[in-house]
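Coordinates from work14.tsv are shown below (TSV, C-alpha atoms).
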chain	number	residue	atom	x	y	z
V	1	MET	CA	58.23	41.30	6.94
V	2	GLU	CA	60.23	38.06	6.93
V	3	GLN	CA	57.28	36.23	5.38
V	4	THR	CA	57.13	38.86	2.62
V	5	THR	CA	60.86	38.45	1.97
V	6	ILE	CA	60.55	34.66	1.91
V	7	SER	CA	57.56	34.89	-0.41
V	8	SER	CA	59.46	37.26	-2.71
V	9	ASN	CA	62.49	34.96	-2.80
V	10	SER	CA	60.25	31.96	-3.46
V	11	THR	CA	58.56	33.78	-6.35
V	12	SER	CA	61.93	34.80	-7.80
V	13	THR	CA	63.23	31.23	-7.55
V	14	SER	CA	60.07	29.90	-9.15
V	15	LYS	CA	60.43	32.34	-12.07
V	16	LYS	CA	64.07	31.34	-12.56
V	17	GLN	CA	63.11	27.67	-12.59
V	18	ARG	CA	60.35	28.32	-15.12
V	19	ASN	CA	62.73	30.34	-17.30
V	20	THR	CA	65.35	27.59	-17.07
V	21	ARG	CA	62.80	24.92	-18.02
V	22	SER	CA	61.51	27.07	-20.85
V	23	ALA	CA	65.04	27.68	-22.18
V	24	LEU	CA	65.79	23.95	-21.95
V	25	ARG	CA	62.59	23.08	-23.82
V	26	ASN	CA	63.43	25.60	-26.53
V	27	LYS	CA	66.96	24.23	-26.83
V	28	LEU	CA	65.71	20.64	-27.07
V	29	SER	CA	63.06	21.68	-29.57
V	30	ALA	CA	65.65	23.44	-31.75
V	31	HIS	CA	67.90	20.38	-31.52
V	32	LYS	CA	65.07	18.05	-32.57
V	33	ILE	CA	64.20	20.30	-35.49
V	34	GLY	CA	67.84	20.25	-36.57
V	35	LEU	CA	67.97	16.44	-36.40
V	36	LEU	CA	64.73	16.15	-38.35
V	37	CYS	CA	66.01	18.55	-41.03
V	38	ALA	CA	69.17	16.48	-41.46
V	39	PHE	CA	67.16	13.25	-41.44
V	40	PHE	CA	64.73	14.27	-44.17
V	41	ALA	CA	67.55	15.81	-46.20
V	42	THR	CA	69.34	12.46	-46.08
V	43	CYS	CA	66.19	10.60	-47.16
V	44	LEU	CA	65.69	12.90	-50.16
V	45	PHE	CA	69.37	12.77	-51.11
V	46	SER	CA	69.06	8.96	-50.97
V	47	THR	CA	66.67	8.93	-53.93
V	48	LYS	CA	69.24	10.60	-56.18
V	49	GLY	CA	71.14	7.45	-57.18
V	50	ILE	CA	67.95	5.68	-58.19
V	51	PHE	CA	66.78	8.45	-60.51
V	52	VAL	CA	70.27	8.96	-61.94
V	53	LYS	CA	70.36	5.24	-62.83
V	54	LEU	CA	66.94	5.58	-64.49
V	55	ALA	CA	68.19	8.56	-66.52
V	56	TYR	CA	71.32	6.69	-67.62
V	57	GLN	CA	69.08	4.15	-69.33
V	58	TYR	CA	68.29	6.87	-71.92
V	59	GLY	CA	71.96	7.43	-72.78
V	60	VAL	CA	72.37	10.81	-71.05
V	61	ASP	CA	75.75	11.54	-69.43
V	62	SER	CA	76.45	12.83	-65.92
V	63	ILE	CA	77.37	16.44	-66.78
V	64	THR	CA	74.25	16.91	-68.93
V	65	LEU	CA	72.15	15.58	-66.06
V	66	MET	CA	73.91	17.91	-63.61
V	67	THR	CA	73.38	20.86	-65.95
V	68	TYR	CA	69.64	20.23	-66.17
V	69	ARG	CA	69.52	19.70	-62.43
V	70	MET	CA	71.00	23.16	-61.85
V	71	LEU	CA	69.09	24.92	-64.63
V	72	LEU	CA	65.83	23.78	-63.05
V	73	SER	CA	66.85	24.46	-59.45
V	74	LEU	CA	68.73	27.75	-59.87
V	75	PRO	CA	65.58	29.96	-60.17
V	76	PHE	CA	64.53	28.82	-56.69
V	77	TYR	CA	67.89	29.80	-55.20
V	78	ILE	CA	67.87	33.16	-56.97
V	79	GLY	CA	64.34	33.82	-55.68
V	80	VAL	CA	65.18	32.89	-52.09
V	81	PHE	CA	68.41	34.91	-52.21
V	82	ALA	CA	66.59	38.04	-53.51
V	83	TRP	CA	63.89	37.60	-50.87
V	84	MET	CA	66.46	37.32	-48.06
V	85	ILE	CA	68.35	40.42	-49.27
V	86	THR	CA	65.10	42.40	-49.34
V	87	LYS	CA	63.97	41.06	-45.98
V	88	THR	CA	67.33	41.59	-44.22
V	89	PRO	CA	69.31	44.47	-45.80
V	90	THR	CA	71.89	44.28	-42.98
V	91	LEU	CA	73.18	41.03	-44.52
V	92	SER	CA	74.66	42.89	-47.48
V	93	SER	CA	78.04	43.66	-45.90
V	94	ARG	CA	78.48	40.09	-44.66
V	95	ILE	CA	77.48	38.68	-48.05
V	96	LYS	CA	80.08	40.84	-49.83
V	97	ALA	CA	82.78	39.59	-47.48
V	98	GLN	CA	81.80	35.92	-47.68
V	99	PHE	CA	80.43	35.58	-51.23
V	100	LEU	CA	83.52	34.13	-52.91
V	101	PRO	CA	84.54	31.81	-50.03
V	102	VAL	CA	81.01	30.38	-49.87
V	103	MET	CA	80.96	29.91	-53.65
V	104	GLY	CA	84.17	27.93	-53.20
V	105	ILE	CA	82.52	25.77	-50.55
V	106	GLY	CA	79.60	25.21	-52.92
V	107	PHE	CA	82.09	24.17	-55.59
V	108	LEU	CA	83.28	21.42	-53.22
V	109	GLY	CA	79.92	20.21	-51.99
V	110	TYR	CA	77.58	20.48	-54.96
V	111	TYR	CA	79.87	20.43	-58.00
V	112	LEU	CA	82.87	18.19	-57.27
V	113	SER	CA	80.98	15.89	-54.94
V	114	SER	CA	78.00	15.58	-57.29
V	115	TYR	CA	80.20	15.05	-60.34
V	116	PHE	CA	82.30	12.27	-58.80
V	117	ASP	CA	79.16	10.66	-57.37
V	118	LEU	CA	77.29	10.64	-60.70
V	119	GLU	CA	80.36	9.39	-62.54
V	120	GLY	CA	80.73	6.58	-60.01
V	121	LEU	CA	77.15	5.49	-60.63
V	122	ASN	CA	78.19	4.52	-64.16
V	123	TYR	CA	80.20	1.66	-62.65
V	124	ILE	CA	78.54	0.52	-59.41
V	125	SER	CA	75.11	-0.29	-58.05
V	126	SER	CA	73.04	2.41	-56.38
V	127	GLN	CA	73.15	0.39	-53.15
V	128	LEU	CA	76.96	0.35	-53.00
V	129	GLU	CA	77.02	4.04	-53.97
V	130	ARG	CA	74.69	5.00	-51.13
V	131	LEU	CA	76.56	2.87	-48.62
V	132	LEU	CA	79.87	4.48	-49.62
V	133	LEU	CA	78.37	7.97	-49.36
V	134	PHE	CA	76.81	7.14	-46.01
V	135	THR	CA	80.31	6.72	-44.55
V	136	TYR	CA	81.02	10.46	-44.87
V	137	PRO	CA	80.55	10.94	-41.09
V	138	THR	CA	83.68	8.83	-40.64
V	139	VAL	CA	85.54	11.16	-43.02
V	140	VAL	CA	84.24	14.14	-41.02
V	141	VAL	CA	85.60	12.56	-37.83
V	142	ILE	CA	88.99	11.81	-39.41
V	143	LEU	CA	89.31	15.31	-40.89
V	144	SER	CA	88.25	16.87	-37.57
V	145	TRP	CA	91.08	14.93	-35.95
V	146	LEU	CA	93.67	15.89	-38.60
V	147	ILE	CA	92.68	19.57	-38.95
V	148	PHE	CA	91.19	20.59	-35.60
V	149	GLY	CA	92.93	18.13	-33.31
V	150	ASN	CA	89.70	16.51	-32.08
V	151	ARG	CA	90.37	13.36	-30.09
V	152	ILE	CA	89.75	9.92	-31.56
V	153	ASN	CA	89.31	7.30	-28.84
V	154	ARG	CA	89.01	3.52	-29.06
V	155	GLN	CA	85.24	3.72	-29.45
V	156	VAL	CA	85.62	5.91	-32.55
V	157	ILE	CA	88.35	3.67	-33.98
V	158	GLY	CA	86.07	0.66	-33.49
V	159	ALA	CA	83.22	2.45	-35.29
V	160	LEU	CA	85.52	3.39	-38.18
V	161	ILE	CA	86.74	-0.20	-38.57
V	162	LEU	CA	83.18	-1.53	-38.46
V	163	ALA	CA	81.94	1.00	-41.03
V	164	TYR	CA	84.62	0.25	-43.59
V	165	ALA	CA	84.38	-3.50	-42.96
V	166	GLY	CA	80.69	-3.22	-43.85
V	167	VAL	CA	81.52	-1.34	-47.03
V	168	PHE	CA	84.11	-3.98	-47.93
V	169	VAL	CA	81.52	-6.78	-47.58
V	170	LEU	CA	79.30	-5.24	-50.25
V	171	PHE	CA	82.27	-4.07	-52.33
V	172	TYR	CA	83.72	-7.61	-52.39
V	173	HIS	CA	80.35	-9.07	-53.42
V	174	ASP	CA	79.87	-6.56	-56.27
V	175	LEU	CA	83.48	-6.93	-57.41
V	176	GLY	CA	82.93	-10.64	-57.93
V	177	LYS	CA	79.68	-10.05	-59.84
V	178	GLN	CA	80.50	-6.94	-61.91
V	179	GLY	CA	84.28	-6.92	-62.34
V	180	GLU	CA	86.98	-4.30	-61.98
V	181	GLY	CA	84.69	-1.40	-62.87
V	182	VAL	CA	83.50	-1.59	-59.26
V	183	ILE	CA	86.97	-0.41	-58.15
V	184	THR	CA	86.81	2.65	-60.40
V	185	GLY	CA	83.26	3.47	-59.34
V	186	SER	CA	84.00	3.03	-55.66
V	187	LEU	CA	87.06	5.31	-55.83
V	188	LEU	CA	84.98	7.98	-57.58
V	189	VAL	CA	82.23	7.81	-54.95
V	190	LEU	CA	84.78	7.82	-52.10
V	191	THR	CA	86.20	11.01	-53.63
V	192	ALA	CA	82.68	12.44	-53.61
V	193	CYS	CA	82.40	11.37	-49.98
V	194	PHE	CA	85.64	13.19	-49.12
V	195	THR	CA	84.68	16.44	-50.86
V	196	PHE	CA	81.23	16.43	-49.21
V	197	ALA	CA	82.82	15.92	-45.79
V	198	CYS	CA	85.06	18.93	-46.49
V	199	TYR	CA	81.94	20.89	-47.45
V	200	LEU	CA	80.29	20.01	-44.14
V	201	LEU	CA	83.31	21.03	-42.06
V	202	LEU	CA	83.86	24.33	-43.88
V	203	SER	CA	80.21	25.31	-43.98
V	204	LYS	CA	79.30	25.62	-40.30
V	205	SER	CA	81.05	28.93	-39.56
V	206	LYS	CA	79.74	30.48	-42.78
V	207	ILE	CA	76.19	29.34	-42.02
V	208	GLN	CA	76.45	30.96	-38.59
V	209	GLN	CA	77.49	34.24	-40.21
V	210	LEU	CA	75.01	34.31	-43.10
V	211	GLY	CA	72.18	32.00	-42.08
V	212	SER	CA	71.38	28.69	-43.72
V	213	LEU	CA	69.19	30.10	-46.53
V	214	VAL	CA	71.66	32.69	-47.81
V	215	PHE	CA	74.59	30.31	-47.42
V	216	THR	CA	72.85	27.58	-49.44
V	217	CYS	CA	71.90	29.98	-52.22
V	218	ILE	CA	75.46	31.32	-52.62
V	219	ALA	CA	76.91	27.79	-52.44
V	220	MET	CA	74.58	26.73	-55.23
V	221	PHE	CA	75.58	29.77	-57.31
V	222	GLY	CA	79.20	28.58	-57.12
V	223	ALA	CA	78.28	25.00	-58.01
V	224	SER	CA	76.01	26.09	-60.88
V	225	PHE	CA	78.70	28.33	-62.37
V	226	MET	CA	81.23	25.48	-62.48
V	227	ILE	CA	78.70	22.99	-63.86
V	228	PHE	CA	77.74	25.37	-66.69
V	229	VAL	CA	81.43	25.99	-67.49
V	230	HIS	CA	82.06	22.23	-67.49
V	231	PHE	CA	79.12	21.61	-69.84
V	232	SER	CA	80.22	24.35	-72.25
V	233	VAL	CA	83.69	22.81	-72.48
V	234	VAL	CA	82.61	19.22	-73.22
V	235	HIS	CA	79.27	19.73	-75.01
V	236	ASP	CA	77.46	21.84	-77.60
V	237	ILE	CA	74.20	23.63	-76.83
V	238	LYS	CA	72.34	21.08	-79.00
V	239	ASP	CA	73.25	18.40	-76.43
V	240	LEU	CA	70.67	19.95	-74.11
V	241	SER	CA	68.04	18.17	-76.20
V	242	ILE	CA	66.97	15.23	-74.04
V	243	PRO	CA	64.08	12.70	-74.00
V	244	LEU	CA	60.98	13.83	-72.09
V	245	PRO	CA	61.34	11.14	-69.36
V	246	VAL	CA	64.85	12.46	-68.64
V	247	PHE	CA	63.41	15.96	-68.26
V	248	TRP	CA	60.94	14.74	-65.59
V	249	ILE	CA	63.74	12.85	-63.84
V	250	SER	CA	65.87	16.02	-63.96
V	251	LEU	CA	62.99	18.01	-62.46
V	252	TRP	CA	62.82	15.61	-59.51
V	253	LEU	CA	66.62	15.73	-59.15
V	254	ALA	CA	66.38	19.54	-59.08
V	255	ILE	CA	63.50	19.91	-56.62
V	256	GLY	CA	63.39	16.71	-54.58
V	257	CYS	CA	67.10	15.89	-54.54
V	258	THR	CA	68.63	19.37	-54.56
V	259	VAL	CA	66.52	22.39	-53.57
V	260	ILE	CA	64.57	20.94	-50.65
V	261	PRO	CA	67.31	18.76	-49.09
V	262	SER	CA	70.03	21.40	-49.52
V	263	PHE	CA	68.04	23.89	-47.44
V	264	LEU	CA	67.13	21.18	-44.92
V	265	MET	CA	70.75	20.04	-44.56
V	266	SER	CA	72.06	23.58	-44.11
V	267	GLU	CA	69.42	24.23	-41.43
V	268	GLY	CA	70.33	20.96	-39.76
V	269	ILE	CA	74.03	21.92	-39.72
V	270	ALA	CA	73.14	25.34	-38.30
V	271	ARG	CA	71.17	23.79	-35.44
V	272	VAL	CA	73.15	20.68	-34.47
V	273	GLY	CA	76.57	21.05	-36.14
V	274	PRO	CA	78.22	19.10	-38.97
V	275	GLU	CA	79.04	15.99	-36.95
V	276	GLN	CA	75.50	15.30	-35.74
V	277	ALA	CA	74.01	16.42	-39.05
V	278	SER	CA	76.15	13.81	-40.76
V	279	ILE	CA	75.20	10.89	-38.52
V	280	VAL	CA	71.41	11.10	-38.55
V	281	GLY	CA	69.37	9.65	-41.36
V	282	GLY	CA	70.39	6.03	-40.90
V	283	SER	CA	67.40	5.05	-43.01
V	284	GLY	CA	69.11	6.51	-46.09
V	285	PRO	CA	70.84	3.31	-47.25
V	286	VAL	CA	67.74	1.26	-46.36
V	287	LEU	CA	65.50	3.52	-48.44
V	288	THR	CA	67.93	3.38	-51.36
V	289	ALA	CA	68.10	-0.41	-51.13
V	290	LEU	CA	64.31	-0.74	-51.21
V	291	MET	CA	63.99	1.53	-54.24
V	292	ALA	CA	66.91	-0.18	-55.99
V	293	VAL	CA	65.21	-3.56	-55.62
V	294	PHE	CA	61.73	-2.47	-56.68
V	295	LEU	CA	62.54	0.21	-59.29
V	296	LEU	CA	65.86	-0.96	-60.76
V	297	GLY	CA	65.62	-4.70	-60.19
V	298	GLU	CA	68.91	-4.81	-58.27
V	299	ALA	CA	69.54	-7.88	-56.11
V	300	PHE	CA	69.41	-7.73	-52.33
V	301	THR	CA	71.46	-10.52	-50.81
V	302	VAL	CA	72.80	-11.42	-47.40
V	303	TYR	CA	75.95	-9.44	-48.36
V	304	HIS	CA	73.84	-6.31	-48.88
V	305	PHE	CA	72.06	-6.83	-45.58
V	306	LEU	CA	75.25	-7.52	-43.62
V	307	GLY	CA	77.20	-4.63	-45.16
V	308	MET	CA	74.33	-2.18	-44.61
V	309	LEU	CA	73.82	-3.34	-41.02
V	310	MET	CA	77.51	-2.96	-40.16
V	311	VAL	CA	77.73	0.56	-41.62
V	312	ILE	CA	74.51	1.78	-39.97
V	313	VAL	CA	75.56	0.36	-36.59
V	314	ALA	CA	78.95	2.08	-36.94
V	315	ILE	CA	77.40	5.45	-37.76
V	316	VAL	CA	74.94	5.15	-34.86
V	317	TRP	CA	77.93	4.21	-32.67
V	318	LEU	CA	79.58	7.47	-33.65
V	319	SER	CA	76.31	9.23	-32.88
V	320	VAL	CA	76.21	7.82	-29.37
V	321	ARG	CA	79.73	9.17	-28.85
V	322	LYS	CA	78.30	12.65	-29.37

Please rewrite the model in this file as structure tokens.
Amino acid sequence: MEQTTISSNSTSTSKKQRNTRSALRNKLSAHKIGLLCAFFATCLFSTKGIFVKLAYQYGVDSITLMTYRMLLSLPFYIGVFAWMITKTPTLSSRIKAQFLPVMGIGFLGYYLSSYFDLEGLNYISSQLERLLLFTYPTVVVILSWLIFGNRINRQVIGALILAYAGVFVLFYHDLGKQGEGVITGSLLVLTACFTFACYLLLSKSKIQQLGSLVFTCIAMFGASFMIFVHFSVVHDIKDLSIPLPVFWISLWLAIGCTVIPSFLMSEGIARVGPEQASIVGGSGPVLTALMAVFLLGEAFTVYHFLGMLMVIVAIVWLSVRK
């Protein structure tokens, strides 16, 4: 009888251990998937500055480019949104409650942030633009401290100083080469960085309520609405006539730099949170630098290398903190 009891207890313990290991594996797998989603989203977002610079060579302005980007990407979001509503009718009540707030979040992340970023690219190199944008994890950390009271220790302060010192190295180099326009461009991109950090912080709770797919679609509806309003105010409909190469660039901006990475980033945020989603993808500035050199003919000097290295090390430092 005792042997039977011992055997039963041993079997029960073994099952619990297997269940614990299985749950841990699933959790680690979900975490890895989230990190990979954020990583590939960052890589795709990193190509944006290169293709925007290529489009600017044809005389197109930022709002026209943004309008084409959304016109070409919006059908995908409408299709995914309709599919999700059909697949999960129970989402309807939550969507009604959260529709306007999520549109507002989309206004921050994919209208304001994109507009300031594209405007900044008129003044600065794509390498400086990407390096400035890559510092948005530091803005997330600072805002988390100011709004949510998250602690900032000496390690975080050191990472923040290192990150912005790296940005200053490249900023100082470009300022000497290109003049005061670098100041204007950098301020515009830093504003884009701030609005995107706000988007990340505000999005997590909404993604948890609606799911990453539905959230992204509604956010893009809000951004698209504001972009179309902006275009109608500053342009005539005839201004939608663009050279064919700009159309192909706009198509890549819509699919490769918007649709795919926006879904990947939202899924990454859902799985690992905004802080970790914002610190992966350290290859983003490196990828941008390589494309800038080979496609745009931009220089890559010791200042570019040193600034990039300092910023990437700082962001990884923040990552280790987590």

Next on the checklist: At a cut-off of 6 Å, using only C-alpha atoms, what residues contact stretch 215-224 of chain V? Leave out same-chain residues fewer than 3 positions from it and give the result as a ChimeraX atom specification.
Outcome noted: /V:70,77,102-103,106-107,110-111,207,210,212,227

Which neighbours of V:Tyr164 fall inside 10 Å, counting all atoms listed in the file, when residues of the same chain fewer than 6 positions from it are skipped, and could you give them as a PDB file with C-alpha atoms, in the coordinates of the input?
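Generated file (part_14.pdb):
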ATOM      1  CA  LEU V 131      76.560   2.870 -48.620  1.00  0.00           C
ATOM      2  CA  LEU V 132      79.870   4.480 -49.620  1.00  0.00           C
ATOM      3  CA  THR V 135      80.310   6.720 -44.550  1.00  0.00           C
ATOM      4  CA  THR V 138      83.680   8.830 -40.640  1.00  0.00           C
ATOM      5  CA  GLY V 307      77.200  -4.630 -45.160  1.00  0.00           C
ATOM      6  CA  MET V 310      77.510  -2.960 -40.160  1.00  0.00           C
ATOM      7  CA  VAL V 311      77.730   0.560 -41.620  1.00  0.00           C
ATOM      8  CA  ALA V 314      78.950   2.080 -36.940  1.00  0.00           C
TER       9      ALA V 314
END

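Going from atom CA of V:Val233 to atom CA of V:Asp117 covers 19.9 Å.
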
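Checking V:His230, V:Glu298, V:Lys204, V:Ala192 one by one against V:Arg271, counting all atoms listed in the file, you find the shortest gap at V:Lys204.
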
Next on the checklist: Quick one: residues within 9 Å of stretch 88-96 of chain V, all atoms listed in the file, excluding same-chain residues fewer than 2 positions away - as a list in words?
Outcome noted: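 The filter keeps Trp83, Met84, Ile85, Thr86, Gln98, Phe99, Leu100, Gln209, Leu210, Val214, Phe215 and Ile218 of chain V.
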
Checklist entry - So, counting all atoms listed in the file, which residue among V:Leu74, V:Ile63, V:Leu143, V:Leu188 is closest to V:Ser113? => result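 Of V:Leu74, V:Ile63, V:Leu143, V:Leu188, the one nearest V:Ser113 is V:Leu188, counting all atoms listed in the file.
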
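Pairwise distance (atom CA of V:Ala159, atom CA of V:Ser125) equals 24.3 Å.
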
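The interatomic distance for the pair atom CA of V:Cys257 and atom CA of V:Leu133 works out to 14.7 Å.
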
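Proximity to V:Leu54 at 9 Å, evaluated using all atoms listed in the file and with sequence-adjacent residues fewer than 2 positions away removed, yields Gly49, Ile50, Phe51, Val52, Tyr56, Gln57, Tyr58, Val246, Ile249, Leu295 and Leu296 of chain V.
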
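Among V:Tyr68, V:Tyr303, V:Phe45, V:Phe39, the residue with the shortest atom-to-atom distance to V:Ser250, counting all atoms listed in the file, is V:Tyr68.
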
N, CA and C atoms are needed for stretch 77-91 of chain V; please write them out as a PDB file, in the coordinates of the input.
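File written: result_1.pdb
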ATOM      1  N   TYR V  77      66.842  29.200 -56.029  1.00  0.00           N
ATOM      2  CA  TYR V  77      67.890  29.800 -55.200  1.00  0.00           C
ATOM      3  C   TYR V  77      67.992  31.309 -55.433  1.00  0.00           C
ATOM      4  N   ILE V  78      67.843  31.727 -56.680  1.00  0.00           N
ATOM      5  CA  ILE V  78      67.870  33.160 -56.970  1.00  0.00           C
ATOM      6  C   ILE V  78      66.703  33.861 -56.278  1.00  0.00           C
ATOM      7  N   GLY V  79      65.516  33.235 -56.326  1.00  0.00           N
ATOM      8  CA  GLY V  79      64.340  33.820 -55.680  1.00  0.00           C
ATOM      9  C   GLY V  79      64.500  33.926 -54.181  1.00  0.00           C
ATOM     10  N   VAL V  80      64.988  32.869 -53.542  1.00  0.00           N
ATOM     11  CA  VAL V  80      65.180  32.890 -52.090  1.00  0.00           C
ATOM     12  C   VAL V  80      66.252  33.904 -51.710  1.00  0.00           C
ATOM     13  N   PHE V  81      67.322  33.972 -52.490  1.00  0.00           N
ATOM     14  CA  PHE V  81      68.410  34.910 -52.210  1.00  0.00           C
ATOM     15  C   PHE V  81      67.895  36.362 -52.301  1.00  0.00           C
ATOM     16  N   ALA V  82      67.144  36.682 -53.358  1.00  0.00           N
ATOM     17  CA  ALA V  82      66.590  38.040 -53.510  1.00  0.00           C
ATOM     18  C   ALA V  82      65.635  38.366 -52.370  1.00  0.00           C
ATOM     19  N   TRP V  83      64.841  37.386 -51.971  1.00  0.00           N
ATOM     20  CA  TRP V  83      63.890  37.600 -50.870  1.00  0.00           C
ATOM     21  C   TRP V  83      64.628  37.873 -49.562  1.00  0.00           C
ATOM     22  N   MET V  84      65.699  37.128 -49.301  1.00  0.00           N
ATOM     23  CA  MET V  84      66.460  37.320 -48.060  1.00  0.00           C
ATOM     24  C   MET V  84      67.166  38.670 -48.045  1.00  0.00           C
ATOM     25  N   ILE V  85      67.691  39.106 -49.198  1.00  0.00           N
ATOM     26  CA  ILE V  85      68.350  40.420 -49.270  1.00  0.00           C
ATOM     27  C   ILE V  85      67.341  41.531 -48.999  1.00  0.00           C
ATOM     28  N   THR V  86      66.149  41.397 -49.559  1.00  0.00           N
ATOM     29  CA  THR V  86      65.100  42.400 -49.340  1.00  0.00           C
ATOM     30  C   THR V  86      64.622  42.392 -47.894  1.00  0.00           C
ATOM     31  N   LYS V  87      64.483  41.206 -47.350  1.00  0.00           N
ATOM     32  CA  LYS V  87      63.970  41.060 -45.980  1.00  0.00           C
ATOM     33  C   LYS V  87      64.989  41.524 -44.943  1.00  0.00           C
ATOM     34  N   THR V  88      66.288  41.270 -45.201  1.00  0.00           N
ATOM     35  CA  THR V  88      67.330  41.590 -44.220  1.00  0.00           C
ATOM     36  C   THR V  88      68.468  42.351 -44.902  1.00  0.00           C
ATOM     37  N   PRO V  89      68.283  43.672 -45.112  1.00  0.00           N
ATOM     38  CA  PRO V  89      69.310  44.470 -45.800  1.00  0.00           C
ATOM     39  C   PRO V  89      70.663  44.473 -45.076  1.00  0.00           C
ATOM     40  N   THR V  90      70.646  44.246 -43.745  1.00  0.00           N
ATOM     41  CA  THR V  90      71.890  44.280 -42.980  1.00  0.00           C
ATOM     42  C   THR V  90      72.841  43.138 -43.362  1.00  0.00           C
ATOM     43  N   LEU V  91      72.324  42.144 -44.088  1.00  0.00           N
ATOM     44  CA  LEU V  91      73.180  41.030 -44.520  1.00  0.00           C
ATOM     45  C   LEU V  91      74.153  41.418 -45.623  1.00  0.00           C
TER      46      LEU V  91
END
